[in-house]
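Remarks on the structure that follows.
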Amino acid sequence: MELVNKWPAGLVEMPLRYCPGCGHGIVHRIVGECLEELGIRERTVGVAPVGCSVFADDYFNCDMIQGPHGRGPAIATGIKRSKPECIVFSYQGDGDLASIGMAETIHSAARSENITVIFINNAIYGMTGGQMAPTTLIGQKASTCPRGRDPKVNGYPIRICELLQSLEGASYLERTSVHTAANAIKTKKAVKRAFQNQIECKGFSLVEVLSMCPTGWEATPLNSVKYIADKMMPLYPLGVYRSPEQREQKEGGAA
């Protein structure tokens, strides 16, 4: 009998420390499976973020490096340029990528660095106490905006895929989710494509994943799933925002 759901070689066999209902564990497995299925695990280098997934270097069964808060794309750029034969990915949350690391994200995309970025958007700072993040929704409560995000005081949410879509260097941008099994399958296809783009030297790829945070949202795991469908997806629509084919077609037309 063939074993279907085995532990992927891309993950270390150890318990994950994430809260019940958190989406990080799902995405970790997806990344681990992609490293194994693409045959790239032994030449992959991952950059662990600062945030809930700060221990990602314990979980991924590949070379990992821990960098300062928000500097993942810059570190990934340095590794890729010095070791172009390596497959390099940066795994980041919304506070890490869209706040303190916004400059690194934008300039890596503008230069079309041949790296892969996995961006977890749970619309809140999960690890440090549930503070408002750049992606927190209007009206969403957080420890730093207990009455809900007010655009007059706190500004508006930042939509990363839409923002990076304006940059010519961004090769592949897709927003997915892991709140259902069907969406998790689509997320795996997107992550695998992002790694494949790097293998084929197609430039900067980012996959944004809408993910549950029951603890930060003060919700049950079931209600967290519903929150993504009812609240997050209308503001953050799923889909491909840029593909290598679209970019090549645009560049060909400009020439």
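The way I read the labels, and the way they are meant: chains A, B, ... in the order of the structure tokens, residue 1 as the first residue of every chain, and ligand 1 as the first ligand shown, with later ones counted on from there.
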
Restrict the calculation to only C-alpha atoms, then for each residue of range 191-254 of chain A with any atom at most 12 Å from an atom of range 94-103 of chain A give the closest atom pair and their distance in Å to one decimal, rows by chain and rising residue number, as JSON lines.
{"residue": "A:Leu206", "atom": "CA", "partner": "A:Leu97", "partner_atom": "CA", "distance": 11.2}
{"residue": "A:Glu208", "atom": "CA", "partner": "A:Asp94", "partner_atom": "CA", "distance": 9.5}
{"residue": "A:Val209", "atom": "CA", "partner": "A:Asp94", "partner_atom": "CA", "distance": 10.1}
{"residue": "A:Leu210", "atom": "CA", "partner": "A:Asp94", "partner_atom": "CA", "distance": 10.1}
{"residue": "A:Ser211", "atom": "CA", "partner": "A:Asp94", "partner_atom": "CA", "distance": 10.5}

Limited to N, CA and C atoms, could you put the picked residues into a file as an mmCIF file, in the first residue's frame?
data_model
loop_
_atom_site.group_PDB
_atom_site.id
_atom_site.type_symbol
_atom_site.label_atom_id
_atom_site.label_comp_id
_atom_site.auth_asym_id
_atom_site.auth_seq_id
_atom_site.Cartn_x
_atom_site.Cartn_y
_atom_site.Cartn_z
ATOM 1 N N LEU A 206 6.485 36.645 -5.608
ATOM 2 C CA LEU A 206 5.916 36.761 -4.267
ATOM 3 C C LEU A 206 4.548 36.101 -4.248
ATOM 4 N N GLU A 208 1.416 35.878 -1.705
ATOM 5 C CA GLU A 208 0.774 36.378 -0.487
ATOM 6 C C GLU A 208 -0.302 35.386 -0.072
ATOM 7 N N VAL A 209 -0.250 34.955 1.180
ATOM 8 C CA VAL A 209 -1.185 33.949 1.675
ATOM 9 C C VAL A 209 -2.026 34.528 2.810
ATOM 10 N N LEU A 210 -3.332 34.607 2.626
ATOM 11 C CA LEU A 210 -4.224 35.012 3.709
ATOM 12 C C LEU A 210 -4.291 33.873 4.712
ATOM 13 N N SER A 211 -3.989 34.181 5.980
ATOM 14 C CA SER A 211 -3.819 33.132 6.977
ATOM 15 C C SER A 211 -4.565 33.476 8.259
#

Determine, for each residue of range 110-155 of chain A having at least one atom at most 9 Å from an atom of range 43-60 of chain A, the closest pair of atoms and their separation in Å to one decimal, counting only C-alpha atoms; order by chain and ascending number, as CSV.
residue,atom,partner,partner_atom,distance
A:Tyr125,CA,A:Gly51,CA,7.6
A:Gly126,CA,A:Cys52,CA,6.3
A:Met127,CA,A:Cys52,CA,4.9
A:Thr128,CA,A:Gly51,CA,7.6

Would you save the residues from that selection as a compact mmCIF listing (two decimals), in the first residue's frame, using N, CA and C atoms?
# COMPACT_ATOMS: atom_id res chain seq x y z
N TYR A 125 -0.22 41.85 14.18
CA TYR A 125 1.03 41.38 14.77
C TYR A 125 0.69 40.26 15.75
N GLY A 126 0.96 39.03 15.36
CA GLY A 126 0.55 37.90 16.19
C GLY A 126 1.45 37.65 17.38
N MET A 127 2.78 37.76 17.18
CA MET A 127 3.71 37.34 18.22
C MET A 127 3.83 38.34 19.36
N THR A 128 3.74 39.63 19.07
CA THR A 128 4.09 40.64 20.06
C THR A 128 2.92 41.22 20.83

Spatial neighbours of range 150-162 of chain A, max dist 8 Å, only C-alpha atoms, sep filter under 4 positions, as a ChimeraX atom specification: /A:98,134-139,166,173-175,208,236,241

Close residues, Thr144 in chain A itself excluded, 9 Å, only C-alpha atoms, min 4 positions apart in chain, as a list in words: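 The contact residues come out as Gly130, Gln131, Met132, Gly148 and Arg149 of chain A.
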
Range 66-224 of chain A: residues DSSP assigns to alpha helix (DSSP H), reported as a ChimeraX atom specification: /A:72-82,94-95,102-110,151-154,160-164,181-199,214-217,221-224

Print the selection's residues with C-alpha atoms to a file, as a CSV table (one decimal), in the first residue's frame.
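The result, written out as result.csv:
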chain,number,residue,atom,x,y,z
A,72,GLY,CA,14.5,39.1,4.5
A,73,PRO,CA,14.5,40.2,0.8
A,74,ALA,CA,17.9,42.0,1.3
A,75,ILE,CA,19.4,39.0,2.8
A,76,ALA,CA,17.9,36.7,0.2
A,77,THR,CA,19.3,39.1,-2.5
A,78,GLY,CA,22.8,38.8,-1.0
A,79,ILE,CA,22.7,35.1,-0.9
A,80,LYS,CA,21.3,34.7,-4.4
A,81,ARG,CA,23.8,37.1,-5.9
A,82,SER,CA,26.8,35.4,-4.2
A,94,ASP,CA,2.8,41.3,7.4
A,95,GLY,CA,4.6,43.3,10.1
A,102,MET,CA,8.7,47.6,3.1
A,103,ALA,CA,11.7,49.2,1.5
A,104,GLU,CA,13.5,45.9,1.2
A,105,THR,CA,10.4,44.4,-0.4
A,106,ILE,CA,9.8,47.2,-2.9
A,107,HIS,CA,13.4,47.5,-4.0
A,108,SER,CA,13.9,43.8,-4.4
A,109,ALA,CA,10.9,43.7,-6.6
A,110,ALA,CA,12.0,46.8,-8.5
A,151,PRO,CA,-8.5,55.5,8.7
A,152,LYS,CA,-8.6,59.1,10.0
A,153,VAL,CA,-6.2,58.1,12.7
A,154,ASN,CA,-4.4,55.0,11.4
A,160,ILE,CA,1.0,44.4,-1.2
A,161,CYS,CA,0.1,42.6,-4.4
A,162,GLU,CA,-1.6,45.6,-5.8
A,163,LEU,CA,1.3,47.8,-4.7
A,164,LEU,CA,4.0,45.6,-6.3
A,181,ALA,CA,-8.6,22.7,1.7
A,182,ALA,CA,-9.3,23.8,-1.8
A,183,ASN,CA,-7.5,27.1,-1.3
A,184,ALA,CA,-4.6,25.3,0.4
A,185,ILE,CA,-4.2,23.2,-2.8
A,186,LYS,CA,-4.2,26.5,-4.9
A,187,THR,CA,-1.6,27.9,-2.5
A,188,LYS,CA,0.7,24.9,-3.1
A,189,LYS,CA,0.4,25.4,-6.9
A,190,ALA,CA,1.3,29.1,-6.4
A,191,VAL,CA,4.3,28.4,-4.2
A,192,LYS,CA,5.6,25.7,-6.5
A,193,ARG,CA,5.2,28.1,-9.4
A,194,ALA,CA,7.1,30.8,-7.5
A,195,PHE,CA,10.0,28.4,-6.9
A,196,GLN,CA,9.9,27.2,-10.6
A,197,ASN,CA,10.2,30.8,-11.7
A,198,GLN,CA,13.4,31.1,-9.7
A,199,ILE,CA,14.7,27.9,-11.2
A,214,PRO,CA,-7.2,33.0,16.2
A,215,THR,CA,-5.1,34.3,19.1
A,216,GLY,CA,-4.5,37.7,17.6
A,217,TRP,CA,-8.1,38.0,16.5
A,221,PRO,CA,-10.4,28.7,14.8
A,222,LEU,CA,-13.7,28.1,13.1
A,223,ASN,CA,-14.6,31.8,13.3
A,224,SER,CA,-11.1,32.7,12.0

Counting only C-alpha atoms, the option among A:Asn121, A:Thr180, A:Arg17, A:Cys201 closest to Ile87 in chain A: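 For Ile87 in chain A, the nearest of the candidates is A:Cys201.
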
Spatial neighbours of Arg29 in chain A, max dist 10 Å, only C-alpha atoms, sep filter under 2 positions, as a PDB file with C-alpha atoms, in the first residue's frame:
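Saved to part-v7.pdb:
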ATOM      1  CA  TRP A   7       6.002  13.690   6.426  1.00  0.00           C
ATOM      2  CA  PRO A   8       7.663  15.798   3.696  1.00  0.00           C
ATOM      3  CA  ALA A   9      11.445  15.685   3.483  1.00  0.00           C
ATOM      4  CA  GLY A  10      11.401  19.483   3.356  1.00  0.00           C
ATOM      5  CA  LEU A  11      10.358  19.667   7.033  1.00  0.00           C
ATOM      6  CA  HIS A  24       1.628  28.932   9.469  1.00  0.00           C
ATOM      7  CA  GLY A  25       1.776  25.167   9.894  1.00  0.00           C
ATOM      8  CA  ILE A  26      -0.204  24.634   6.691  1.00  0.00           C
ATOM      9  CA  VAL A  27       2.082  26.932   4.711  1.00  0.00           C
ATOM     10  CA  VAL A  31       6.769  24.864   1.266  1.00  0.00           C
ATOM     11  CA  GLY A  32       8.346  21.650   2.567  1.00  0.00           C
ATOM     12  CA  GLU A  33       6.468  19.557  -0.006  1.00  0.00           C
ATOM     13  CA  CYS A  34       7.465  21.894  -2.837  1.00  0.00           C
ATOM     14  CA  LEU A  35      11.162  21.709  -1.909  1.00  0.00           C
ATOM     15  CA  TYR A  59      11.233  23.539  10.944  1.00  0.00           C
ATOM     16  CA  PHE A  60      12.475  23.702   7.346  1.00  0.00           C
ATOM     17  CA  LYS A 188       0.663  24.940  -3.107  1.00  0.00           C
TER      18      LYS A 188
END

Counting only C-alpha atoms, the residue of A:Glu2, A:Glu200, A:His69, A:Lys141 that sits nearest Pro84 in chain A: A:Glu200
